[in-house]
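Content type mmCIF, C-alpha atoms, from the file work-v8.cif:
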```
data_model
loop_
_atom_site.label_atom_id
_atom_site.label_comp_id
_atom_site.auth_asym_id
_atom_site.auth_seq_id
_atom_site.Cartn_x
_atom_site.Cartn_y
_atom_site.Cartn_z
CA MET I 1 -44.66 15.88 -19.01
CA GLN I 2 -44.28 13.57 -16.04
CA GLU I 3 -41.10 11.61 -15.38
CA HIS I 4 -41.04 8.14 -16.90
CA VAL I 5 -41.74 5.27 -14.53
CA ASN I 6 -39.55 2.56 -16.07
CA ASP I 7 -38.21 1.35 -12.74
CA LEU I 8 -41.74 0.66 -11.51
CA ILE I 9 -43.07 -1.02 -14.63
CA PRO I 10 -41.65 -4.52 -13.92
CA GLY I 11 -43.46 -4.49 -10.57
CA TYR I 12 -46.61 -3.11 -12.20
CA ALA I 13 -46.61 -5.97 -14.72
CA LEU I 14 -46.24 -8.43 -11.85
CA ASN I 15 -48.99 -6.59 -9.94
CA CYS I 16 -46.79 -6.39 -6.84
CA LEU I 17 -46.56 -2.61 -6.42
CA ASP I 18 -48.09 -1.02 -3.39
CA GLU I 19 -51.18 1.04 -4.07
CA ALA I 20 -49.59 4.50 -4.26
CA GLU I 21 -46.94 3.32 -6.69
CA ALA I 22 -49.47 1.45 -8.82
CA ASN I 23 -51.59 4.60 -9.06
CA LYS I 24 -48.56 6.63 -10.06
CA VAL I 25 -47.74 4.18 -12.85
CA ALA I 26 -51.36 3.97 -14.05
CA GLU I 27 -51.58 7.74 -14.18
CA HIS I 28 -48.38 7.96 -16.21
CA LEU I 29 -49.33 5.13 -18.58
CA ALA I 30 -52.41 7.06 -19.62
CA ILE I 31 -50.22 9.71 -21.24
CA CYS I 32 -47.03 7.87 -22.21
CA GLU I 33 -46.84 5.55 -25.21
CA LEU I 34 -43.19 4.69 -24.47
CA CYS I 35 -44.00 3.36 -21.03
CA ARG I 36 -47.02 1.47 -22.39
CA ASP I 37 -44.65 -0.28 -24.82
CA ASP I 38 -42.35 -1.06 -21.92
CA LEU I 39 -45.29 -2.50 -19.99
CA ARG I 40 -46.35 -4.68 -22.93
CA ALA I 41 -42.88 -6.25 -23.06
CA TYR I 42 -42.97 -7.02 -19.34
CA GLN I 43 -46.51 -8.40 -19.63
CA MET I 44 -45.28 -10.77 -22.34
CA LEU I 45 -42.60 -11.86 -19.91
CA VAL I 46 -45.07 -12.39 -17.06
CA ASP I 47 -47.19 -14.49 -19.44
CA GLN I 48 -44.25 -16.88 -19.81
CA LEU I 49 -43.50 -17.35 -16.10
CA PRO I 50 -46.00 -20.23 -15.58
CA LEU I 51 -43.82 -22.32 -17.89
CA ALA I 52 -41.22 -22.36 -15.13
CA SER I 53 -43.49 -24.09 -12.58
CA PRO I 54 -42.19 -27.52 -11.55
CA ASP I 55 -43.95 -30.24 -13.56
CA THR I 56 -46.64 -32.11 -11.66
CA ILE I 57 -49.36 -34.38 -12.97
CA PRO I 58 -52.92 -34.18 -11.64
CA SER I 59 -54.69 -37.38 -10.66
CA ALA I 60 -57.01 -39.07 -13.15
CA ARG I 61 -60.09 -38.13 -11.14
CA VAL I 62 -59.71 -34.49 -12.17
CA LYS I 63 -60.37 -35.26 -15.81
CA GLN I 64 -63.14 -37.68 -14.96
CA GLY I 65 -64.78 -35.05 -12.76
CA LEU I 66 -64.45 -32.47 -15.52
CA MET I 67 -66.03 -34.68 -18.16
CA ASP I 68 -68.86 -35.63 -15.77
CA ARG I 69 -69.40 -31.96 -15.05
CA ILE I 70 -69.72 -30.96 -18.69
CA GLN I 71 -71.94 -33.93 -19.45
CA ALA I 72 -74.23 -32.83 -16.63
CA GLY I 73 -74.59 -29.44 -18.31
CA ALA I 74 -74.66 -30.81 -21.86
CA SER I 75 -78.21 -29.69 -22.48
CA LYS I 76 -77.22 -26.10 -21.86
CA PRO I 77 -77.08 -24.15 -25.16
CA ALA I 78 -73.76 -22.86 -26.48
CA PRO I 79 -73.15 -19.39 -25.09
CA GLU I 80 -72.03 -17.84 -28.38
CA LYS I 81 -75.38 -18.57 -30.03
CA LEU I 82 -77.27 -16.34 -27.61
CA SER I 83 -77.45 -12.61 -28.02
CA VAL I 84 -76.87 -10.31 -25.09
CA TRP I 85 -80.62 -9.74 -24.88
CA GLU I 86 -81.41 -13.45 -24.86
CA ARG I 87 -78.85 -14.12 -22.15
CA PHE I 88 -80.32 -11.27 -20.11
CA GLY I 89 -83.79 -12.77 -20.47
CA ASN I 90 -82.56 -16.20 -19.51
CA ILE I 91 -81.27 -14.93 -16.19
CA PHE I 92 -84.82 -14.20 -15.15
CA ARG I 93 -86.46 -17.22 -16.77
CA ALA I 94 -84.14 -19.83 -15.37
CA ALA I 95 -84.77 -21.11 -11.90
CA SER I 96 -82.45 -24.12 -11.79
CA PRO I 97 -80.17 -24.86 -8.84
CA ALA I 98 -77.20 -23.83 -11.01
CA TRP I 99 -78.69 -20.38 -11.36
CA GLY I 100 -79.31 -20.36 -7.65
CA LEU I 101 -75.63 -20.95 -7.07
CA ALA I 102 -74.73 -18.36 -9.68
CA SER I 103 -77.03 -15.85 -7.98
CA LEU I 104 -75.46 -16.63 -4.63
CA GLY I 105 -72.04 -16.04 -6.20
CA LEU I 106 -73.26 -12.76 -7.64
CA VAL I 107 -74.56 -11.65 -4.24
CA VAL I 108 -71.18 -12.46 -2.68
CA VAL I 109 -69.36 -10.57 -5.44
CA LEU I 110 -71.66 -7.58 -4.98
CA LEU I 111 -71.15 -7.64 -1.22
CA VAL I 112 -67.39 -7.71 -1.63
CA SER I 113 -67.55 -4.99 -4.29
CA ASN I 114 -69.66 -2.84 -1.99
CA LEU I 115 -67.22 -3.32 0.86
CA LEU I 116 -64.33 -2.34 -1.39
CA LEU I 117 -66.23 0.66 -2.72
CA TRP I 118 -67.13 1.69 0.78
CA ARG I 119 -63.47 1.48 1.79
CA GLN I 120 -62.46 3.47 -1.29
CA TYR I 121 -65.14 6.04 -0.52
CA THR I 122 -64.04 6.47 3.08
CA GLN I 123 -60.42 6.75 2.00
CA LEU I 124 -61.36 9.43 -0.50
CA GLN I 125 -63.35 11.27 2.15
CA ALA I 126 -60.46 11.10 4.59
CA ALA I 127 -57.83 12.14 2.07
CA PRO I 128 -56.97 15.81 1.97
CA LYS I 129 -57.85 17.56 -1.26
CA SER I 130 -54.81 17.90 -3.47
CA ASP I 131 -54.05 19.40 -6.81
CA ALA I 132 -53.24 15.97 -8.30
CA LEU I 133 -55.35 14.20 -10.86
CA GLN I 134 -57.71 11.70 -9.27
CA VAL I 135 -57.36 8.18 -10.60
CA VAL I 136 -59.93 5.44 -10.08
CA ASN I 137 -58.53 2.00 -10.92
CA LEU I 138 -60.83 -0.57 -12.51
CA ALA I 139 -60.31 -4.29 -11.98
CA GLY I 140 -61.16 -7.08 -14.40
CA THR I 141 -63.93 -9.53 -13.55
CA ASP I 142 -64.01 -13.28 -14.21
CA ILE I 143 -65.04 -12.49 -17.78
CA ALA I 144 -61.80 -10.58 -18.42
CA PRO I 145 -59.43 -11.35 -15.55
CA ASP I 146 -56.41 -9.80 -17.28
CA ALA I 147 -58.12 -6.56 -18.17
CA THR I 148 -57.11 -3.36 -16.43
CA GLY I 149 -58.48 0.12 -16.61
CA MET I 150 -58.66 3.48 -14.93
CA VAL I 151 -60.64 6.68 -15.00
CA ILE I 152 -58.44 9.76 -14.72
CA ILE I 153 -60.50 12.70 -13.47
CA SER I 154 -59.49 16.25 -14.36
CA LEU I 155 -58.41 18.71 -11.68
CA ASP I 156 -61.80 20.45 -11.70
CA GLY I 157 -63.60 17.06 -11.66
CA GLU I 158 -65.76 18.07 -14.62
CA HIS I 159 -64.51 15.48 -17.08
CA GLY I 160 -62.04 12.64 -17.39
CA THR I 161 -60.41 9.99 -19.52
CA LEU I 162 -61.08 6.27 -19.41
CA VAL I 163 -58.12 4.07 -20.32
CA VAL I 164 -58.49 0.29 -20.66
CA ASP I 165 -56.01 -2.38 -21.60
CA ARG I 166 -56.18 -6.12 -22.31
CA LEU I 167 -59.91 -6.23 -22.90
CA PRO I 168 -60.93 -8.94 -25.37
CA SER I 169 -61.92 -7.78 -28.87
CA LEU I 170 -65.64 -8.11 -29.48
CA ASN I 171 -67.70 -9.15 -32.46
CA PRO I 172 -68.78 -6.13 -34.56
CA GLU I 173 -72.33 -6.27 -33.20
CA LEU I 174 -71.09 -5.67 -29.66
CA GLN I 175 -69.30 -2.80 -27.90
CA TYR I 176 -68.14 -1.93 -24.43
CA GLN I 177 -70.13 0.65 -22.47
CA LEU I 178 -69.00 2.71 -19.51
CA TRP I 179 -71.45 3.28 -16.67
CA LEU I 180 -71.21 6.10 -14.13
CA ILE I 181 -72.80 4.89 -10.92
CA LYS I 182 -74.33 7.04 -8.20
CA ASP I 183 -76.79 5.89 -5.54
CA GLY I 184 -77.37 2.74 -7.57
CA GLU I 185 -78.37 4.66 -10.68
CA ARG I 186 -76.31 4.06 -13.83
CA THR I 187 -75.63 6.82 -16.34
CA ASN I 188 -74.20 6.13 -19.77
CA GLY I 189 -70.56 7.24 -19.90
CA GLY I 190 -69.98 6.32 -23.54
CA VAL I 191 -69.40 3.30 -25.75
CA PHE I 192 -66.14 2.15 -27.23
CA SER I 193 -64.35 -0.74 -28.92
CA VAL I 194 -60.83 -2.01 -28.40
CA GLY I 195 -58.14 -2.85 -30.94
CA PRO I 196 -56.23 -6.13 -31.17
CA SER I 197 -54.11 -5.19 -28.14
CA GLY I 198 -57.20 -4.65 -26.03
CA TYR I 199 -56.30 -0.99 -25.48
CA ALA I 200 -58.68 1.96 -25.80
CA SER I 201 -59.20 5.38 -24.32
CA LEU I 202 -62.39 7.43 -24.11
CA TRP I 203 -63.08 11.01 -23.11
CA VAL I 204 -65.75 11.02 -20.43
CA GLY I 205 -68.15 13.84 -19.72
CA ALA I 206 -71.07 13.69 -17.30
CA PRO I 207 -74.06 15.69 -16.06
CA ILE I 208 -72.41 16.04 -12.63
CA PRO I 209 -68.70 16.16 -11.68
CA LEU I 210 -67.09 12.75 -12.23
CA GLY I 211 -65.61 12.79 -8.74
CA ASP I 212 -69.14 12.72 -7.31
CA TYR I 213 -69.89 9.26 -8.72
CA ASP I 214 -69.67 6.28 -6.37
CA ALA I 215 -68.16 3.88 -8.91
CA PHE I 216 -67.61 3.05 -12.55
CA GLY I 217 -68.39 -0.13 -14.44
CA ILE I 218 -67.95 -1.44 -17.97
CA THR I 219 -70.26 -3.99 -19.58
CA ILE I 220 -70.61 -5.66 -22.97
CA GLU I 221 -73.58 -4.22 -24.84
CA PRO I 222 -75.08 -4.28 -28.34
CA ALA I 223 -73.18 -1.90 -30.68
CA GLY I 224 -74.19 1.68 -29.99
CA GLY I 225 -74.93 1.01 -26.33
CA SER I 226 -77.97 0.32 -24.18
CA PRO I 227 -80.17 2.51 -21.99
CA GLY I 228 -79.04 0.42 -19.00
CA PRO I 229 -76.52 -2.36 -18.47
CA THR I 230 -77.63 -5.68 -19.95
CA GLY I 231 -74.47 -7.67 -20.65
CA ASP I 232 -71.57 -9.13 -18.72
CA LYS I 233 -69.53 -6.77 -16.58
CA VAL I 234 -65.84 -6.81 -17.54
CA LEU I 235 -64.33 -4.04 -15.42
CA GLY I 236 -65.36 -2.23 -12.30
CA GLY I 237 -64.03 -0.03 -9.55
CA MET O 1 -63.34 -33.19 -44.67
CA GLN O 2 -65.83 -35.67 -46.10
CA PRO O 3 -69.17 -36.23 -44.36
CA GLY O 4 -68.86 -39.05 -41.87
CA GLN O 5 -65.06 -38.84 -41.82
CA LYS O 6 -63.70 -39.26 -38.32
CA ILE O 7 -61.99 -36.21 -36.83
CA GLU O 8 -58.54 -36.91 -35.45
CA PHE O 9 -58.83 -34.50 -32.55
CA VAL O 10 -55.38 -35.22 -31.23
CA LYS O 11 -53.78 -33.83 -34.39
CA LEU O 12 -55.75 -30.59 -34.42
CA SER O 13 -54.28 -27.22 -33.48
CA ASP O 14 -55.39 -25.44 -30.32
CA ASP O 15 -57.45 -22.95 -32.33
CA SER O 16 -59.29 -25.72 -34.16
CA LEU O 17 -59.98 -27.52 -30.91
CA MET O 18 -61.31 -24.33 -29.36
CA ARG O 19 -63.69 -23.87 -32.28
CA LEU O 20 -64.95 -27.38 -31.64
CA VAL O 21 -65.30 -26.66 -27.93
CA VAL O 22 -67.54 -23.73 -28.89
CA LEU O 23 -69.61 -26.26 -30.83
CA ARG O 24 -69.82 -28.32 -27.60
CA ARG O 25 -67.59 -31.19 -28.74
CA SER O 26 -66.38 -32.66 -25.47
CA GLU O 27 -63.72 -34.71 -27.31
CA ALA O 28 -61.99 -31.43 -28.16
CA LEU O 29 -61.93 -30.38 -24.51
CA SER O 30 -60.61 -33.81 -23.60
CA VAL O 31 -57.64 -33.37 -25.95
CA LEU O 32 -56.96 -29.87 -24.65
CA TYR O 33 -57.03 -31.28 -21.14
CA ASP O 34 -54.50 -33.96 -22.08
CA ARG O 35 -52.27 -31.30 -23.62
CA TYR O 36 -52.34 -28.68 -20.93
CA SER O 37 -53.58 -30.16 -17.65
CA ARG O 38 -50.00 -30.61 -16.45
CA LEU O 39 -49.22 -26.94 -17.11
CA VAL O 40 -52.41 -25.70 -15.47
CA PHE O 41 -52.17 -28.05 -12.49
CA SER O 42 -48.47 -27.34 -11.89
CA LEU O 43 -49.12 -23.61 -11.77
CA ALA O 44 -52.14 -24.03 -9.49
CA LEU O 45 -50.18 -26.30 -7.15
CA ASN O 46 -47.29 -23.88 -6.93
CA VAL O 47 -49.72 -21.14 -5.92
CA VAL O 48 -52.03 -22.91 -3.46
CA GLY O 49 -49.54 -25.46 -2.08
CA ASP O 50 -51.77 -28.53 -1.76
CA ARG O 51 -52.81 -31.07 -4.37
CA GLU O 52 -56.49 -31.28 -3.49
CA THR O 53 -57.11 -27.55 -3.87
CA ALA O 54 -54.90 -27.40 -6.96
CA GLU O 55 -56.96 -30.15 -8.56
CA GLU O 56 -60.15 -28.23 -7.84
CA VAL O 57 -58.64 -25.12 -9.41
CA ALA O 58 -57.43 -27.08 -12.46
CA GLN O 59 -60.85 -28.60 -13.00
CA ASP O 60 -62.49 -25.18 -12.64
CA VAL O 61 -60.12 -23.72 -15.22
CA PHE O 62 -60.96 -26.33 -17.83
CA TYR O 63 -64.64 -25.95 -17.04
CA GLN O 64 -64.25 -22.20 -17.68
CA VAL O 65 -62.58 -23.05 -21.00
CA TRP O 66 -65.64 -25.15 -21.84
CA GLU O 67 -68.10 -22.47 -20.76
CA ASN O 68 -66.29 -19.42 -22.13
CA ALA O 69 -64.58 -20.79 -25.24
CA ALA O 70 -66.51 -18.32 -27.39
CA THR O 71 -64.81 -15.39 -25.64
CA TYR O 72 -61.31 -16.66 -26.43
CA ARG O 73 -59.57 -14.58 -29.12
CA PRO O 74 -56.59 -16.37 -30.68
CA ASP O 75 -55.37 -13.07 -32.16
CA GLN O 76 -55.00 -11.67 -28.65
CA ALA O 77 -53.16 -14.42 -26.82
CA LYS O 78 -52.03 -18.00 -27.16
CA LEU O 79 -54.37 -20.51 -25.59
CA THR O 80 -51.76 -21.41 -22.97
CA THR O 81 -51.46 -17.74 -22.00
CA TRP O 82 -55.23 -17.45 -21.67
CA MET O 83 -55.49 -20.62 -19.59
CA THR O 84 -52.56 -19.83 -17.30
CA SER O 85 -53.94 -16.33 -16.70
CA ILE O 86 -57.25 -17.82 -15.59
CA THR O 87 -55.37 -20.38 -13.47
CA ARG O 88 -53.18 -17.86 -11.68
CA TYR O 89 -56.11 -15.51 -11.07
CA ARG O 90 -58.27 -18.28 -9.61
CA ALA O 91 -55.51 -19.90 -7.58
CA ILE O 92 -54.39 -16.62 -5.99
CA ASP O 93 -58.03 -15.82 -5.28
CA VAL O 94 -58.39 -19.17 -3.47
CA LEU O 95 -55.15 -18.52 -1.58
CA ARG O 96 -56.31 -15.07 -0.44
CA LYS O 97 -59.68 -16.39 0.70
CA ARG O 98 -57.95 -19.13 2.64
CA ARG O 99 -55.47 -16.54 3.99
CA SER O 100 -52.69 -19.09 4.40
CA ARG O 101 -50.63 -21.54 2.42
CA PRO O 102 -49.30 -24.87 3.69
CA GLU O 103 -45.85 -24.15 5.11
CA LYS O 104 -44.38 -27.47 4.12
CA ASP O 105 -44.45 -26.73 0.42
CA SER O 106 -42.31 -23.77 -0.50
CA VAL O 107 -42.91 -21.82 -3.68
CA GLU O 108 -40.29 -22.80 -6.19
CA TRP O 109 -39.20 -22.67 -9.78
CA ALA O 110 -38.62 -25.77 -11.88
CA GLU O 111 -35.21 -27.30 -12.32
CA THR O 112 -33.75 -26.61 -15.71
CA ALA O 113 -33.72 -30.14 -17.02
CA LEU O 114 -36.81 -31.21 -18.90
CA HIS O 115 -35.65 -34.71 -19.75
CA THR O 116 -38.44 -36.21 -17.63
CA THR O 117 -41.09 -34.48 -19.68
CA PRO O 118 -42.31 -36.79 -22.44
CA ARG O 119 -42.08 -35.35 -25.92
CA PRO O 120 -45.39 -35.54 -27.76
CA GLU O 121 -45.54 -38.43 -30.19
CA GLU O 122 -48.40 -36.85 -32.06
CA GLY O 123 -50.06 -33.49 -32.01
CA PRO O 124 -49.53 -30.10 -33.54
CA GLU O 125 -46.27 -28.20 -33.74
CA GLU O 126 -47.41 -25.76 -31.08
CA LEU O 127 -47.12 -28.49 -28.45
CA ALA O 128 -43.48 -29.11 -29.31
CA ASP O 129 -42.95 -25.32 -29.34
CA LEU O 130 -44.39 -25.14 -25.85
CA LEU O 131 -41.83 -27.62 -24.55
CA LEU O 132 -39.00 -25.68 -26.17
CA GLN O 133 -40.34 -22.45 -24.72
CA GLN O 134 -40.59 -24.11 -21.31
CA GLU O 135 -36.95 -25.01 -21.52
CA ARG O 136 -35.96 -21.44 -22.46
CA VAL O 137 -37.95 -19.94 -19.59
CA ARG O 138 -36.57 -22.42 -17.07
CA LEU O 139 -33.00 -21.77 -18.17
CA ALA O 140 -33.60 -18.04 -17.89
CA VAL O 141 -35.14 -18.28 -14.41
CA ASN O 142 -32.36 -20.59 -13.26
CA SER O 143 -29.80 -18.01 -14.34
CA LEU O 144 -31.14 -15.61 -11.67
CA SER O 145 -29.60 -15.56 -8.21
CA SER O 146 -31.44 -17.57 -5.57
CA ASP O 147 -32.47 -14.32 -3.83
CA GLN O 148 -33.95 -12.99 -7.05
CA GLN O 149 -35.76 -16.28 -7.70
CA ALA O 150 -37.24 -16.22 -4.19
CA VAL O 151 -38.72 -12.71 -4.41
CA LEU O 152 -39.97 -13.28 -7.95
CA ALA O 153 -41.71 -16.50 -6.89
CA LEU O 154 -43.49 -14.78 -4.01
CA ALA O 155 -44.65 -11.95 -6.28
CA TYR O 156 -45.75 -14.16 -9.15
CA PHE O 157 -47.07 -17.31 -7.50
CA GLN O 158 -48.50 -15.84 -4.33
CA GLY O 159 -49.49 -12.42 -5.61
CA LEU O 160 -47.67 -10.67 -2.77
CA SER O 161 -46.77 -6.98 -2.92
CA HIS O 162 -43.28 -5.58 -2.40
CA SER O 163 -44.07 -4.73 1.24
CA GLN O 164 -45.62 -8.12 1.94
CA ILE O 165 -42.57 -9.87 0.51
CA ALA O 166 -40.25 -7.65 2.55
CA GLY O 167 -42.25 -8.55 5.68
CA GLN O 168 -42.30 -12.26 4.91
CA LEU O 169 -38.57 -12.46 4.17
CA ASN O 170 -37.62 -9.92 6.83
CA GLN O 171 -35.68 -7.95 4.24
CA PRO O 172 -35.54 -4.18 3.65
CA LEU O 173 -38.24 -2.99 1.25
CA GLY O 174 -35.67 -1.36 -1.04
CA THR O 175 -33.75 -4.61 -1.35
CA VAL O 176 -36.88 -6.50 -2.38
CA LYS O 177 -37.81 -3.86 -4.96
CA THR O 178 -34.33 -3.91 -6.45
CA ARG O 179 -34.19 -7.71 -6.62
CA ILE O 180 -37.53 -7.93 -8.40
CA ARG O 181 -36.67 -5.15 -10.83
CA LEU O 182 -33.28 -6.62 -11.69
CA ALA O 183 -34.73 -10.12 -12.03
CA MET O 184 -37.42 -8.90 -14.43
CA GLN O 185 -34.95 -6.85 -16.44
CA ARG O 186 -32.65 -9.85 -16.77
CA LEU O 187 -35.51 -12.14 -17.85
CA ARG O 188 -36.67 -9.58 -20.36
CA GLU O 189 -33.19 -9.49 -21.90
CA LEU O 190 -33.17 -13.27 -22.15
CA LEU O 191 -36.74 -13.98 -23.22
CA ILE O 192 -38.32 -11.05 -25.01
CA GLU O 193 -37.36 -10.18 -28.55
CA GLU O 194 -37.39 -6.42 -28.84
CA PRO O 195 -38.82 -4.98 -32.07
#
```
Would it be possible to restate this file's structure as structure tokens?
Amino acid sequence: MQEHVNDLIPGYALNCLDEAEANKVAEHLAICELCRDDLRAYQMLVDQLPLASPDTIPSARVKQGLMDRIQAGASKPAPEKLSVWERFGNIFRAASPAWGLASLGLVVVLLVSNLLLWRQYTQLQAAPKSDALQVVNLAGTDIAPDATGMVIISLDGEHGTLVVDRLPSLNPELQYQLWLIKDGERTNGGVFSVGPSGYASLWVGAPIPLGDYDAFGITIEPAGGSPGPTGDKVLGG
Amino acid sequence: MQPGQKIEFVKLSDDSLMRLVVLRRSEALSVLYDRYSRLVFSLALNVVGDRETAEEVAQDVFYQVWENAATYRPDQAKLTTWMTSITRYRAIDVLRKRRSRPEKDSVEWAETALHTTPRPEEGPEELADLLLQQERVRLAVNSLSSDQQAVLALAYFQGLSHSQIAGQLNQPLGTVKTRIRLAMQRLRELLIEEP
């Protein structure tokens, strides 16, 4: 049993720990319910901190701009009425300027992700092999900005455990799916659902050692999973 | 409700308004904006440091509420928590891309007194609860030492790490870590009801 990390949890909840400390906490949280409870209390506290911002009122043009913006997109169908498959199809059918912008945004996100992955990869290559568990942290996307996750890889690299927290609960017809990514090819790592707290863990096995994958990603898919990713990405790293 | 009966949006709860936002009722978003734009904008301004950018962030946040209302789960978090999470995430992202923050506006916590904040004349109970909660949080933060408030503000509003805060304040790393830890522990004692 590892030592508890209570002194580091306030900083972890604030997301102000340096990388090595954050990894240490994440690794410990995967196996310690007590520290997860401690973290939940501090996250509730962090959620309240915005209430202590000094009061300031935005100018009237913000609301006007907002209402103009939603009126401009009023013909767009409500997102909840589309299935994952329909939304996927729409991406390819639509050719409006808005989609152009969205695509540009996606390209930028992918470029940044690739740079980060490349940096992570080079760091892993440069790091001496140790007998510690390898932890890959996953970061939430715009869809689930509060979500966190990690893949803890066993000492022999053959299998691992995925731990996620603060993922939104999904409708029963949807589930989360883990993707193991190597050379651009995505392998199913398993499907899972989260409870009301957004927490879940999943044992992960793979055809090749987990440490050999370039990255991991989690998307929203129809219940039971898909042969390849089709829905929104919620976590990646 | 009878067919044709007018909905009094301003009296609806946040959850009811969000359900109407999902149904693309812009009046519901308008009421949510009136309720929470001050909270969202104040947070954004404290992070990015200039009004123009903060207004862009605030508008983006409410647009995200409009676009992603169907993903909001009231059983997971209060609407204000969801919106302020999106706000902080976006504002810090803007700050990092810009790589600097206007020096003239320091990051700060609110004064304790809320007497300038108008009490809602109409609206659901949760709005009055929010003002009471604001007062509790402000009192708690104001009970911290000024050093603790400073490091906590840099960590929360600017998303800085321990080492970055130590560098910015020219303080030993250990001192910064201790101040943040003690500040958070004190706030937890004051604000979080333990089971």
Query raised in the report: For chain I against chain O, which residues fall within 8 Å using all atoms listed in the file, given as a ChimeraX atom specification?
Result: /I:7-8,10-11,14-18,41-42,44-45,47-59,62-63,65-67,69-70,74,78-80,145-146,168-169,196-198
Given the selection you just returned, output its residues as a file containing C-alpha atoms, formatted as a tab-separated table (two decimals), in the coordinates of the input.
```tsv
chain	number	residue	atom	x	y	z
I	7	ASP	CA	-38.21	1.35	-12.74
I	8	LEU	CA	-41.74	0.66	-11.51
I	10	PRO	CA	-41.65	-4.52	-13.92
I	11	GLY	CA	-43.46	-4.49	-10.57
I	14	LEU	CA	-46.24	-8.43	-11.85
I	15	ASN	CA	-48.99	-6.59	-9.94
I	16	CYS	CA	-46.79	-6.39	-6.84
I	17	LEU	CA	-46.56	-2.61	-6.42
I	18	ASP	CA	-48.09	-1.02	-3.39
I	41	ALA	CA	-42.88	-6.25	-23.06
I	42	TYR	CA	-42.97	-7.02	-19.34
I	44	MET	CA	-45.28	-10.77	-22.34
I	45	LEU	CA	-42.60	-11.86	-19.91
I	47	ASP	CA	-47.19	-14.49	-19.44
I	48	GLN	CA	-44.25	-16.88	-19.81
I	49	LEU	CA	-43.50	-17.35	-16.10
I	50	PRO	CA	-46.00	-20.23	-15.58
I	51	LEU	CA	-43.82	-22.32	-17.89
I	52	ALA	CA	-41.22	-22.36	-15.13
I	53	SER	CA	-43.49	-24.09	-12.58
I	54	PRO	CA	-42.19	-27.52	-11.55
I	55	ASP	CA	-43.95	-30.24	-13.56
I	56	THR	CA	-46.64	-32.11	-11.66
I	57	ILE	CA	-49.36	-34.38	-12.97
I	58	PRO	CA	-52.92	-34.18	-11.64
I	59	SER	CA	-54.69	-37.38	-10.66
I	62	VAL	CA	-59.71	-34.49	-12.17
I	63	LYS	CA	-60.37	-35.26	-15.81
I	65	GLY	CA	-64.78	-35.05	-12.76
I	66	LEU	CA	-64.45	-32.47	-15.52
I	67	MET	CA	-66.03	-34.68	-18.16
I	69	ARG	CA	-69.40	-31.96	-15.05
I	70	ILE	CA	-69.72	-30.96	-18.69
I	74	ALA	CA	-74.66	-30.81	-21.86
I	78	ALA	CA	-73.76	-22.86	-26.48
I	79	PRO	CA	-73.15	-19.39	-25.09
I	80	GLU	CA	-72.03	-17.84	-28.38
I	145	PRO	CA	-59.43	-11.35	-15.55
I	146	ASP	CA	-56.41	-9.80	-17.28
I	168	PRO	CA	-60.93	-8.94	-25.37
I	169	SER	CA	-61.92	-7.78	-28.87
I	196	PRO	CA	-56.23	-6.13	-31.17
I	197	SER	CA	-54.11	-5.19	-28.14
I	198	GLY	CA	-57.20	-4.65	-26.03
```
Requested in this report: Check what the PyMOL selection byres ((chain I and resi 220) around 6) selects in the file above and give those residues as a list of chain:residue names.
Outcome: I:Gln175, I:Tyr176, I:Thr219, I:Glu221, I:Gly231, I:Asp232
Write the selection just made, keeping C-alpha atoms, as a PDB file, in the coordinates of the input?
```pdb
ATOM      1  CA  GLN I 175     -69.300  -2.800 -27.900  1.00  0.00           C
ATOM      2  CA  TYR I 176     -68.140  -1.930 -24.430  1.00  0.00           C
ATOM      3  CA  THR I 219     -70.260  -3.990 -19.580  1.00  0.00           C
ATOM      4  CA  GLU I 221     -73.580  -4.220 -24.840  1.00  0.00           C
ATOM      5  CA  GLY I 231     -74.470  -7.670 -20.650  1.00  0.00           C
ATOM      6  CA  ASP I 232     -71.570  -9.130 -18.720  1.00  0.00           C
TER       7      ASP I 232
END
```
Requested in this report: Just the residues within 10 Å of range 206-211 of chain I, please, counting only C-alpha atoms, with nothing from its chain fewer than 4 positions along; format it as a ChimeraX atom specification.
Outcome: /I:124,134-136,151-160,180-181,187-190,215-216
The PyMOL selection byres ((chain I and resi 4) around 12) applied to the shown file, residues as a tab-separated table (two decimals) with C-alpha atoms, in the frame of the given file:
```
chain	number	residue	atom	x	y	z
I	1	MET	CA	-44.66	15.88	-19.01
I	2	GLN	CA	-44.28	13.57	-16.04
I	3	GLU	CA	-41.10	11.61	-15.38
I	5	VAL	CA	-41.74	5.27	-14.53
I	6	ASN	CA	-39.55	2.56	-16.07
I	7	ASP	CA	-38.21	1.35	-12.74
I	8	LEU	CA	-41.74	0.66	-11.51
I	9	ILE	CA	-43.07	-1.02	-14.63
I	24	LYS	CA	-48.56	6.63	-10.06
I	25	VAL	CA	-47.74	4.18	-12.85
I	26	ALA	CA	-51.36	3.97	-14.05
I	27	GLU	CA	-51.58	7.74	-14.18
I	28	HIS	CA	-48.38	7.96	-16.21
I	29	LEU	CA	-49.33	5.13	-18.58
I	30	ALA	CA	-52.41	7.06	-19.62
I	31	ILE	CA	-50.22	9.71	-21.24
I	32	CYS	CA	-47.03	7.87	-22.21
I	33	GLU	CA	-46.84	5.55	-25.21
I	34	LEU	CA	-43.19	4.69	-24.47
I	35	CYS	CA	-44.00	3.36	-21.03
I	36	ARG	CA	-47.02	1.47	-22.39
I	38	ASP	CA	-42.35	-1.06	-21.92
I	39	LEU	CA	-45.29	-2.50	-19.99
```
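One finds CA of Gly140 in chain I at 21.3 Å from CA of Val48 in chain O.
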**Report entry** Using only C-alpha atoms: which of I:Ile143, I:Gly217, I:Gly225, I:Ala13 has the shortest distance to Phe192 in chain I
**Finding:** I:Gly225
